[in-house]
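So this one's input16.txt, compact mmCIF, N, CA and C atoms:
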# COMPACT_ATOMS: atom_id res chain seq x y z
N MET A 1 21.21 -31.83 5.11
CA MET A 1 20.91 -31.51 6.49
C MET A 1 21.14 -30.03 6.81
N PRO A 2 22.27 -29.41 6.38
CA PRO A 2 22.47 -27.99 6.68
C PRO A 2 21.37 -27.11 6.07
N ASP A 3 20.85 -27.52 4.90
CA ASP A 3 19.77 -26.75 4.31
C ASP A 3 18.54 -26.76 5.20
N THR A 4 18.25 -27.87 5.80
CA THR A 4 17.10 -27.99 6.69
C THR A 4 17.25 -27.10 7.91
N ILE A 5 18.43 -27.07 8.48
CA ILE A 5 18.69 -26.21 9.65
C ILE A 5 18.56 -24.74 9.27
N ALA A 6 19.07 -24.37 8.13
CA ALA A 6 18.98 -22.98 7.68
C ALA A 6 17.52 -22.58 7.44
N VAL A 7 16.75 -23.49 6.82
CA VAL A 7 15.34 -23.21 6.58
C VAL A 7 14.60 -23.04 7.90
N LEU A 8 14.85 -23.91 8.84
CA LEU A 8 14.20 -23.83 10.15
C LEU A 8 14.60 -22.55 10.89
N ALA A 9 15.85 -22.14 10.76
CA ALA A 9 16.31 -20.92 11.42
C ALA A 9 15.60 -19.69 10.83
N ARG A 10 15.43 -19.66 9.51
CA ARG A 10 14.71 -18.54 8.88
C ARG A 10 13.26 -18.51 9.32
N ARG A 11 12.62 -19.67 9.37
CA ARG A 11 11.23 -19.73 9.81
C ARG A 11 11.09 -19.27 11.26
N LEU A 12 12.00 -19.68 12.11
CA LEU A 12 11.97 -19.28 13.51
C LEU A 12 12.16 -17.77 13.66
N ALA A 13 13.07 -17.20 12.89
CA ALA A 13 13.31 -15.75 12.94
C ALA A 13 12.06 -15.00 12.48
N ARG A 14 11.41 -15.50 11.42
CA ARG A 14 10.18 -14.87 10.93
C ARG A 14 9.07 -14.95 11.99
N LEU A 15 8.96 -16.08 12.65
CA LEU A 15 7.96 -16.27 13.70
C LEU A 15 8.23 -15.33 14.88
N GLU A 16 9.48 -15.19 15.26
CA GLU A 16 9.83 -14.29 16.37
C GLU A 16 9.48 -12.84 16.03
N ARG A 17 9.69 -12.43 14.76
CA ARG A 17 9.32 -11.06 14.35
C ARG A 17 7.81 -10.87 14.43
N ARG A 18 7.05 -11.87 14.02
CA ARG A 18 5.58 -11.77 14.08
C ARG A 18 5.10 -11.69 15.52
N ILE A 19 5.68 -12.48 16.39
CA ILE A 19 5.31 -12.45 17.81
C ILE A 19 5.61 -11.08 18.41
N ALA A 20 6.78 -10.52 18.09
CA ALA A 20 7.13 -9.20 18.59
C ALA A 20 6.13 -8.15 18.09
N ALA A 21 5.72 -8.25 16.82
CA ALA A 21 4.75 -7.29 16.27
C ALA A 21 3.40 -7.42 16.96
N LEU A 22 2.96 -8.65 17.23
CA LEU A 22 1.69 -8.85 17.93
C LEU A 22 1.74 -8.34 19.36
N GLU A 23 2.87 -8.52 20.02
CA GLU A 23 3.00 -8.00 21.38
C GLU A 23 2.96 -6.48 21.39
N ARG A 24 3.60 -5.83 20.40
CA ARG A 24 3.53 -4.36 20.30
C ARG A 24 2.10 -3.91 20.06
N ALA A 25 1.41 -4.61 19.19
CA ALA A 25 0.05 -4.23 18.82
C ALA A 25 -0.91 -4.36 20.00
N ARG A 26 -0.68 -5.32 20.83
CA ARG A 26 -1.56 -5.52 21.98
C ARG A 26 -1.46 -4.37 22.97
N ARG A 27 -0.30 -3.71 23.03
CA ARG A 27 -0.07 -2.67 24.01
C ARG A 27 -0.42 -1.27 23.52
N ALA A 28 -0.38 -1.03 22.24
CA ALA A 28 -0.46 0.34 21.73
C ALA A 28 -1.75 0.57 20.94
N PRO A 29 -2.26 1.82 20.96
CA PRO A 29 -3.44 2.14 20.14
C PRO A 29 -3.07 2.28 18.66
N TYR A 30 -4.09 2.27 17.81
CA TYR A 30 -3.84 2.46 16.38
C TYR A 30 -3.26 3.84 16.11
N PRO A 31 -2.33 3.94 15.16
CA PRO A 31 -1.77 5.26 14.82
C PRO A 31 -2.79 6.09 14.04
N PRO A 32 -2.61 7.41 14.01
CA PRO A 32 -3.55 8.27 13.28
C PRO A 32 -3.35 8.17 11.77
N TRP A 33 -4.38 8.58 11.02
CA TRP A 33 -4.29 8.65 9.57
C TRP A 33 -3.47 9.86 9.17
N ARG A 34 -2.71 9.74 8.09
CA ARG A 34 -1.93 10.85 7.52
C ARG A 34 -2.37 11.08 6.09
N ASP A 35 -2.44 12.35 5.67
CA ASP A 35 -2.82 12.67 4.30
C ASP A 35 -1.73 12.23 3.32
N VAL A 36 -2.16 11.77 2.16
CA VAL A 36 -1.25 11.40 1.08
C VAL A 36 -1.11 12.61 0.15
N PRO A 37 0.09 13.19 0.05
CA PRO A 37 0.27 14.30 -0.89
C PRO A 37 0.10 13.82 -2.34
N LEU A 38 -0.71 14.53 -3.10
CA LEU A 38 -0.98 14.16 -4.49
C LEU A 38 -0.03 14.89 -5.42
N THR A 39 0.17 14.33 -6.61
CA THR A 39 1.08 14.92 -7.60
C THR A 39 0.31 15.28 -8.86
N GLY A 40 0.91 16.14 -9.67
CA GLY A 40 0.32 16.50 -10.96
C GLY A 40 -1.05 17.12 -10.80
N ASP A 41 -1.97 16.73 -11.69
CA ASP A 41 -3.33 17.27 -11.67
C ASP A 41 -4.31 16.37 -10.93
N THR A 42 -3.82 15.40 -10.18
CA THR A 42 -4.73 14.58 -9.38
C THR A 42 -5.36 15.44 -8.31
N SER A 43 -6.53 15.03 -7.82
CA SER A 43 -7.26 15.88 -6.88
C SER A 43 -8.01 15.04 -5.85
N VAL A 44 -8.48 15.72 -4.82
CA VAL A 44 -9.34 15.10 -3.83
C VAL A 44 -10.77 15.25 -4.34
N THR A 45 -11.43 14.15 -4.65
CA THR A 45 -12.77 14.22 -5.25
C THR A 45 -13.84 14.60 -4.24
N ASP A 46 -13.64 14.23 -2.98
CA ASP A 46 -14.62 14.51 -1.94
C ASP A 46 -13.87 14.88 -0.67
N PRO A 47 -14.06 16.09 -0.13
CA PRO A 47 -13.35 16.49 1.08
C PRO A 47 -13.61 15.56 2.28
N ALA A 48 -14.73 14.83 2.24
CA ALA A 48 -15.03 13.89 3.32
C ALA A 48 -14.24 12.58 3.17
N GLN A 49 -13.61 12.37 1.99
CA GLN A 49 -12.84 11.15 1.74
C GLN A 49 -11.46 11.49 1.18
N PRO A 50 -10.64 12.23 1.92
CA PRO A 50 -9.30 12.54 1.39
C PRO A 50 -8.44 11.28 1.36
N PRO A 51 -7.49 11.21 0.42
CA PRO A 51 -6.60 10.04 0.40
C PRO A 51 -5.68 10.07 1.62
N GLN A 52 -5.70 8.98 2.37
CA GLN A 52 -4.92 8.90 3.60
C GLN A 52 -4.25 7.54 3.74
N VAL A 53 -3.25 7.50 4.62
CA VAL A 53 -2.51 6.26 4.88
C VAL A 53 -2.15 6.22 6.36
N ARG A 54 -2.02 5.03 6.88
CA ARG A 54 -1.45 4.85 8.23
C ARG A 54 -0.68 3.54 8.24
N ALA A 55 0.36 3.51 9.05
CA ALA A 55 1.15 2.29 9.23
C ALA A 55 0.71 1.68 10.55
N ASN A 56 0.12 0.50 10.48
CA ASN A 56 -0.34 -0.10 11.73
C ASN A 56 0.78 -0.88 12.40
N LEU A 57 0.47 -1.45 13.54
CA LEU A 57 1.49 -2.11 14.35
C LEU A 57 1.85 -3.51 13.87
N TRP A 58 1.21 -3.97 12.80
CA TRP A 58 1.50 -5.29 12.24
C TRP A 58 2.33 -5.16 10.97
N ASP A 59 3.08 -4.07 10.83
CA ASP A 59 3.92 -3.82 9.66
C ASP A 59 3.11 -3.80 8.37
N MET A 60 1.95 -3.15 8.42
CA MET A 60 1.07 -3.01 7.26
C MET A 60 0.76 -1.54 7.02
N LEU A 61 0.68 -1.15 5.75
CA LEU A 61 0.16 0.16 5.37
C LEU A 61 -1.31 -0.01 5.03
N GLU A 62 -2.16 0.83 5.60
CA GLU A 62 -3.58 0.83 5.30
C GLU A 62 -3.92 2.13 4.59
N PHE A 63 -4.75 2.04 3.54
CA PHE A 63 -5.11 3.21 2.75
C PHE A 63 -6.61 3.48 2.86
N SER A 64 -6.98 4.74 2.66
CA SER A 64 -8.37 5.14 2.70
C SER A 64 -8.56 6.37 1.81
N GLY A 65 -9.78 6.57 1.30
CA GLY A 65 -10.10 7.78 0.55
C GLY A 65 -10.16 7.56 -0.95
N ARG A 66 -10.39 8.69 -1.66
CA ARG A 66 -10.49 8.67 -3.12
C ARG A 66 -9.56 9.71 -3.73
N ILE A 67 -9.10 9.39 -4.95
CA ILE A 67 -8.25 10.31 -5.71
C ILE A 67 -8.90 10.55 -7.07
N GLY A 68 -9.07 11.82 -7.42
CA GLY A 68 -9.61 12.18 -8.73
C GLY A 68 -8.50 12.16 -9.77
N LEU A 69 -8.79 11.61 -10.93
CA LEU A 69 -7.78 11.48 -11.99
C LEU A 69 -7.90 12.62 -12.99
N PRO A 70 -6.77 13.15 -13.45
CA PRO A 70 -6.81 14.30 -14.38
C PRO A 70 -7.38 13.91 -15.75
N GLY A 71 -8.22 14.78 -16.27
CA GLY A 71 -8.77 14.56 -17.60
C GLY A 71 -9.71 13.38 -17.71
N GLY A 72 -10.13 12.82 -16.58
CA GLY A 72 -11.04 11.67 -16.61
C GLY A 72 -10.43 10.43 -17.20
N ARG A 73 -9.08 10.29 -17.11
CA ARG A 73 -8.40 9.12 -17.66
C ARG A 73 -7.37 8.57 -16.68
N ALA A 74 -7.31 7.26 -16.63
CA ALA A 74 -6.25 6.57 -15.90
C ALA A 74 -5.20 6.18 -16.92
N VAL A 75 -4.00 6.71 -16.76
CA VAL A 75 -2.91 6.45 -17.70
C VAL A 75 -1.85 5.59 -17.01
N ASP A 76 -1.46 4.51 -17.66
CA ASP A 76 -0.49 3.58 -17.10
C ASP A 76 0.83 4.29 -16.77
N ASP A 77 1.43 3.92 -15.66
CA ASP A 77 2.75 4.38 -15.23
C ASP A 77 2.78 5.87 -14.86
N THR A 78 1.65 6.38 -14.32
CA THR A 78 1.56 7.77 -13.88
C THR A 78 1.73 7.84 -12.36
N VAL A 79 2.62 8.72 -11.90
CA VAL A 79 2.78 8.93 -10.45
C VAL A 79 1.65 9.84 -10.00
N ILE A 80 0.80 9.34 -9.09
CA ILE A 80 -0.36 10.12 -8.66
C ILE A 80 -0.25 10.63 -7.24
N GLY A 81 0.70 10.13 -6.47
CA GLY A 81 0.85 10.57 -5.10
C GLY A 81 2.17 10.11 -4.51
N LEU A 82 2.46 10.64 -3.32
CA LEU A 82 3.68 10.28 -2.59
C LEU A 82 3.31 9.94 -1.16
N LEU A 83 3.90 8.89 -0.64
CA LEU A 83 3.67 8.55 0.75
C LEU A 83 4.42 9.53 1.65
N PRO A 84 3.88 9.81 2.84
CA PRO A 84 4.62 10.65 3.78
C PRO A 84 5.97 9.99 4.13
N GLU A 85 6.91 10.80 4.54
CA GLU A 85 8.24 10.29 4.89
C GLU A 85 8.13 9.24 5.99
N GLY A 86 8.87 8.16 5.83
CA GLY A 86 8.87 7.08 6.81
C GLY A 86 7.81 6.02 6.56
N TYR A 87 7.01 6.16 5.51
CA TYR A 87 5.95 5.21 5.23
C TYR A 87 6.26 4.29 4.05
N SER A 88 7.42 4.40 3.46
CA SER A 88 7.75 3.60 2.28
C SER A 88 7.98 2.14 2.65
N PRO A 89 7.51 1.20 1.81
CA PRO A 89 7.76 -0.22 2.08
C PRO A 89 9.22 -0.58 1.82
N ALA A 90 9.67 -1.66 2.44
CA ALA A 90 11.06 -2.12 2.27
C ALA A 90 11.31 -2.65 0.87
N VAL A 91 10.28 -3.19 0.24
CA VAL A 91 10.37 -3.70 -1.13
C VAL A 91 9.16 -3.18 -1.90
N PRO A 92 9.24 -3.08 -3.23
CA PRO A 92 8.09 -2.59 -4.00
C PRO A 92 6.85 -3.47 -3.78
N ARG A 93 5.70 -2.83 -3.74
CA ARG A 93 4.43 -3.54 -3.54
C ARG A 93 3.43 -3.13 -4.60
N THR A 94 2.45 -3.99 -4.87
CA THR A 94 1.36 -3.70 -5.80
C THR A 94 0.05 -3.99 -5.09
N VAL A 95 -0.88 -3.01 -5.13
CA VAL A 95 -2.18 -3.20 -4.50
C VAL A 95 -3.28 -2.88 -5.51
N PRO A 96 -4.34 -3.69 -5.54
CA PRO A 96 -5.48 -3.39 -6.43
C PRO A 96 -6.29 -2.24 -5.84
N VAL A 97 -6.85 -1.41 -6.72
CA VAL A 97 -7.71 -0.31 -6.27
C VAL A 97 -9.01 -0.34 -7.07
N ALA A 98 -10.08 0.12 -6.45
CA ALA A 98 -11.37 0.21 -7.12
C ALA A 98 -11.43 1.50 -7.93
N SER A 99 -12.23 1.50 -8.99
CA SER A 99 -12.39 2.71 -9.80
C SER A 99 -13.68 2.62 -10.60
N ASP A 100 -13.95 3.67 -11.37
CA ASP A 100 -15.10 3.64 -12.26
C ASP A 100 -14.68 3.29 -13.69
N ALA A 101 -13.51 2.67 -13.84
CA ALA A 101 -13.02 2.25 -15.16
C ALA A 101 -13.82 1.04 -15.64
N ASP A 102 -14.13 1.03 -16.94
CA ASP A 102 -14.88 -0.10 -17.53
C ASP A 102 -13.93 -1.22 -17.93
N ARG A 103 -14.18 -2.41 -17.43
CA ARG A 103 -13.54 -3.66 -17.86
C ARG A 103 -12.01 -3.70 -17.77
N ARG A 104 -11.37 -2.76 -17.10
CA ARG A 104 -9.92 -2.80 -16.96
C ARG A 104 -9.57 -2.61 -15.49
N ALA A 105 -8.79 -3.49 -14.96
CA ALA A 105 -8.38 -3.39 -13.56
C ALA A 105 -7.29 -2.33 -13.40
N LEU A 106 -7.33 -1.63 -12.28
CA LEU A 106 -6.31 -0.65 -11.94
C LEU A 106 -5.59 -1.10 -10.68
N GLN A 107 -4.30 -0.79 -10.62
CA GLN A 107 -3.48 -1.12 -9.46
C GLN A 107 -2.58 0.05 -9.14
N LEU A 108 -2.10 0.07 -7.92
CA LEU A 108 -1.07 1.03 -7.52
C LEU A 108 0.21 0.26 -7.24
N ASP A 109 1.29 0.66 -7.90
CA ASP A 109 2.61 0.16 -7.55
C ASP A 109 3.18 1.15 -6.56
N ILE A 110 3.70 0.65 -5.46
CA ILE A 110 4.31 1.50 -4.44
C ILE A 110 5.78 1.14 -4.39
N ASP A 111 6.63 2.09 -4.77
CA ASP A 111 8.06 1.77 -4.82
C ASP A 111 8.73 2.13 -3.48
N ARG A 112 10.01 1.81 -3.38
CA ARG A 112 10.75 2.01 -2.13
C ARG A 112 10.93 3.48 -1.78
N GLU A 113 10.73 4.38 -2.75
CA GLU A 113 10.83 5.81 -2.48
C GLU A 113 9.48 6.38 -2.03
N GLY A 114 8.43 5.56 -2.03
CA GLY A 114 7.12 6.01 -1.58
C GLY A 114 6.24 6.60 -2.66
N ARG A 115 6.61 6.42 -3.93
CA ARG A 115 5.77 6.92 -5.03
C ARG A 115 4.60 5.97 -5.26
N LEU A 116 3.41 6.53 -5.47
CA LEU A 116 2.22 5.76 -5.83
C LEU A 116 2.07 5.86 -7.34
N ILE A 117 2.31 4.75 -8.03
CA ILE A 117 2.32 4.73 -9.49
C ILE A 117 1.10 3.95 -9.98
N LEU A 118 0.25 4.63 -10.74
CA LEU A 118 -0.97 4.02 -11.25
C LEU A 118 -0.63 3.05 -12.38
N ARG A 119 -1.19 1.86 -12.33
CA ARG A 119 -0.99 0.85 -13.38
C ARG A 119 -2.35 0.45 -13.94
N VAL A 120 -2.43 0.38 -15.26
CA VAL A 120 -3.65 0.00 -15.97
C VAL A 120 -3.43 -1.39 -16.56
N GLN A 121 -4.41 -2.26 -16.38
CA GLN A 121 -4.31 -3.61 -16.94
C GLN A 121 -4.04 -3.53 -18.44
N ASP A 122 -3.05 -4.25 -18.92
CA ASP A 122 -2.63 -4.29 -20.32
C ASP A 122 -2.04 -2.97 -20.81
N GLY A 123 -1.69 -2.06 -19.90
CA GLY A 123 -1.03 -0.80 -20.26
C GLY A 123 -1.96 0.21 -20.92
N GLY A 124 -1.38 1.29 -21.40
CA GLY A 124 -2.15 2.33 -22.08
C GLY A 124 -2.95 3.18 -21.12
N GLY A 125 -4.17 3.47 -21.49
CA GLY A 125 -5.03 4.29 -20.65
C GLY A 125 -6.47 3.81 -20.76
N VAL A 126 -7.30 4.30 -19.83
CA VAL A 126 -8.70 3.93 -19.82
C VAL A 126 -9.48 5.08 -19.19
N LYS A 127 -10.74 5.24 -19.62
CA LYS A 127 -11.57 6.28 -19.05
C LYS A 127 -11.89 5.94 -17.59
N ALA A 128 -11.52 6.82 -16.68
CA ALA A 128 -11.79 6.66 -15.25
C ALA A 128 -11.63 8.02 -14.60
N THR A 129 -12.58 8.40 -13.77
CA THR A 129 -12.52 9.72 -13.14
C THR A 129 -11.96 9.68 -11.74
N TRP A 130 -11.97 8.49 -11.10
CA TRP A 130 -11.46 8.39 -9.74
C TRP A 130 -10.97 6.97 -9.45
N ILE A 131 -10.16 6.86 -8.38
CA ILE A 131 -9.81 5.56 -7.82
C ILE A 131 -10.08 5.63 -6.32
N SER A 132 -10.45 4.51 -5.76
CA SER A 132 -10.71 4.41 -4.33
C SER A 132 -9.60 3.62 -3.66
N LEU A 133 -9.08 4.16 -2.58
CA LEU A 133 -8.04 3.47 -1.81
C LEU A 133 -8.62 2.68 -0.65
N ASP A 134 -9.93 2.78 -0.43
CA ASP A 134 -10.55 2.11 0.71
C ASP A 134 -10.28 0.61 0.70
N SER A 135 -9.86 0.11 1.82
CA SER A 135 -9.56 -1.31 2.06
C SER A 135 -8.27 -1.78 1.39
N ALA A 136 -7.55 -0.92 0.72
CA ALA A 136 -6.26 -1.32 0.15
C ALA A 136 -5.21 -1.36 1.26
N SER A 137 -4.34 -2.34 1.22
CA SER A 137 -3.28 -2.44 2.23
C SER A 137 -2.12 -3.25 1.65
N CYS A 138 -0.95 -3.08 2.26
CA CYS A 138 0.21 -3.86 1.86
C CYS A 138 1.18 -3.94 3.03
N ARG A 139 2.05 -4.91 2.98
CA ARG A 139 3.09 -5.06 4.00
C ARG A 139 4.18 -4.02 3.80
N THR A 140 4.82 -3.64 4.90
CA THR A 140 5.93 -2.69 4.80
C THR A 140 7.28 -3.39 4.92
N ASP A 141 7.29 -4.61 5.47
CA ASP A 141 8.54 -5.33 5.66
C ASP A 141 8.96 -6.05 4.39
N GLY A 142 10.14 -6.63 4.39
CA GLY A 142 10.64 -7.35 3.23
C GLY A 142 9.97 -8.70 3.08
N ASP A 143 10.30 -9.40 2.01
CA ASP A 143 9.69 -10.70 1.72
C ASP A 143 10.37 -11.86 2.42
N ASP A 144 11.40 -11.59 3.18
CA ASP A 144 12.11 -12.71 3.84
C ASP A 144 11.23 -13.28 4.90
Before anything else, please render the file you have as structure tokens.
Amino acid sequence: MPDTIAVLARRLARLERRIAALERARRAPYPPWRDVPLTGDTSVTDPAQPPQVRANLWDMLEFSGRIGLPGGRAVDDTVIGLLPEGYSPAVPRTVPVASDADRRALQLDIDREGRLILRVQDGGGVKATWISLDSASCRTDGDD
């Protein structure tokens, strides 16, 4: 019985947080986009599509834009960018990203320090000249 009460209390707390987030979102406009600082030899492939991020009112990070990869290769476990201060998720997150890589999926791991770490399916590296952040998103809150 105590387990049931504890489970219900956690669910109620989670529901109250969601209601509070929805009430905030109803009152406020969307926040502006912020540029994502790139690291190493990564680049902005198209000035009309710079890599950007915004934290919306539903505790989500939304991404947009393209990042050019150095040497035309996506290498596993490479830090390609940093989130602006205050945009880091509470727990590490993984988001899929589109690219011109053949037959290998690419993902971004986002750690608690705000580093964007490129991950290649099955490790190693693959030929790819860019990744697209368009439509990528992740939660900023914890998993509780």
Quiz item: Looking at all atoms listed in the file, which of A:Ala20, A:Ala105, A:Ile110, A:Leu15 is the one that sits closest to Pro92 (chain A)?
Solution: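 For Pro92 (chain A), the nearest of the candidates is A:Ile110.
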Exercise. Kindly provide, as a ChimeraX atom specification, the polymer residues lying within 5 Å of (-5.9, 0.4, -8.3), counting all atoms listed in the file and using the coordinates exactly as they appear in the file.
Key: /A:96-98,106-108
Practice problem: Work out how far atom C of Arg73 (chain A) is from atom C of Thr42 (chain A), in Å to one decimal. | Solution: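 That distance, rounded to one decimal, is 11.0 Å.
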Quiz item: Between CA of Ala101 (chain A) and CA of Thr78 (chain A), what is the distance, to one decimal in Å?
Solution: 15.6 Å
Quiz item: What is the atom N of Asp122 (chain A) to atom C of Ser43 (chain A) distance in Å?
Solution: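 Here the two named atoms are 23.8 Å from each other.
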Self-check item: Residue nearest Pro51 (chain A) - candidates A:Ile131, A:Val126, A:Val36, A:Ile5, atoms counted: only C-alpha atoms
Solution: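 Ranked by minimum distance to Pro51 (chain A), first place goes to A:Val36.
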Practice problem: Find the residues around Thr39 (chain A) up to 12 Å (only C-alpha atoms counted), leave out those fewer than 2 positions away in its own chain, and share them as a list of chain:residue names. | Solution: A:Val36, A:Pro37, A:Asp41, A:Thr42, A:Ser43, A:Val44, A:Ile67, A:Gly68, A:Leu69, A:Pro70, A:Thr78, A:Val79, A:Ile80, A:Gly81, A:Leu82, A:Leu83, A:Arg115, A:Leu116, A:Ile117, A:Leu118
Might you pull out every residue within 12 Å of Arg14 (chain A), with only C-alpha atoms counted and same-chain residues fewer than 5 positions away left off, and present them as a PDB file with N, CA and C atoms, in the frame of the given file?
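File produced: part.pdb:
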ATOM      1  N   VAL A   7      16.750 -23.490   6.820  1.00  0.00           N
ATOM      2  CA  VAL A   7      15.340 -23.210   6.580  1.00  0.00           C
ATOM      3  C   VAL A   7      14.600 -23.040   7.900  1.00  0.00           C
ATOM      4  N   LEU A   8      14.850 -23.910   8.840  1.00  0.00           N
ATOM      5  CA  LEU A   8      14.200 -23.830  10.150  1.00  0.00           C
ATOM      6  C   LEU A   8      14.600 -22.550  10.890  1.00  0.00           C
ATOM      7  N   ALA A   9      15.850 -22.140  10.760  1.00  0.00           N
ATOM      8  CA  ALA A   9      16.310 -20.920  11.420  1.00  0.00           C
ATOM      9  C   ALA A   9      15.600 -19.690  10.830  1.00  0.00           C
ATOM     10  N   ILE A  19       5.680 -12.480  16.390  1.00  0.00           N
ATOM     11  CA  ILE A  19       5.310 -12.450  17.810  1.00  0.00           C
ATOM     12  C   ILE A  19       5.610 -11.080  18.410  1.00  0.00           C
ATOM     13  N   ALA A  20       6.780 -10.520  18.090  1.00  0.00           N
ATOM     14  CA  ALA A  20       7.130  -9.200  18.590  1.00  0.00           C
ATOM     15  C   ALA A  20       6.130  -8.150  18.090  1.00  0.00           C
ATOM     16  N   ALA A  21       5.720  -8.250  16.820  1.00  0.00           N
ATOM     17  CA  ALA A  21       4.750  -7.290  16.270  1.00  0.00           C
ATOM     18  C   ALA A  21       3.400  -7.420  16.960  1.00  0.00           C
ATOM     19  N   ASP A 141       7.290  -4.610   5.470  1.00  0.00           N
ATOM     20  CA  ASP A 141       8.540  -5.330   5.660  1.00  0.00           C
ATOM     21  C   ASP A 141       8.960  -6.050   4.390  1.00  0.00           C
ATOM     22  N   GLY A 142      10.140  -6.630   4.390  1.00  0.00           N
ATOM     23  CA  GLY A 142      10.640  -7.350   3.230  1.00  0.00           C
ATOM     24  C   GLY A 142       9.970  -8.700   3.080  1.00  0.00           C
ATOM     25  N   ASP A 143      10.300  -9.400   2.010  1.00  0.00           N
ATOM     26  CA  ASP A 143       9.690 -10.700   1.720  1.00  0.00           C
ATOM     27  C   ASP A 143      10.370 -11.860   2.420  1.00  0.00           C
ATOM     28  N   ASP A 144      11.400 -11.590   3.180  1.00  0.00           N
ATOM     29  CA  ASP A 144      12.110 -12.710   3.840  1.00  0.00           C
ATOM     30  C   ASP A 144      11.230 -13.280   4.900  1.00  0.00           C
TER      31      ASP A 144
END
Quiz prompt | Those in region 21-128 of chain A with strand (DSSP E) from DSSP, as a ChimeraX atom specification | solution = /A:34-35,52-55,60-64,66-68,73-75,78-82,93-99,106-110,115-120,125-127
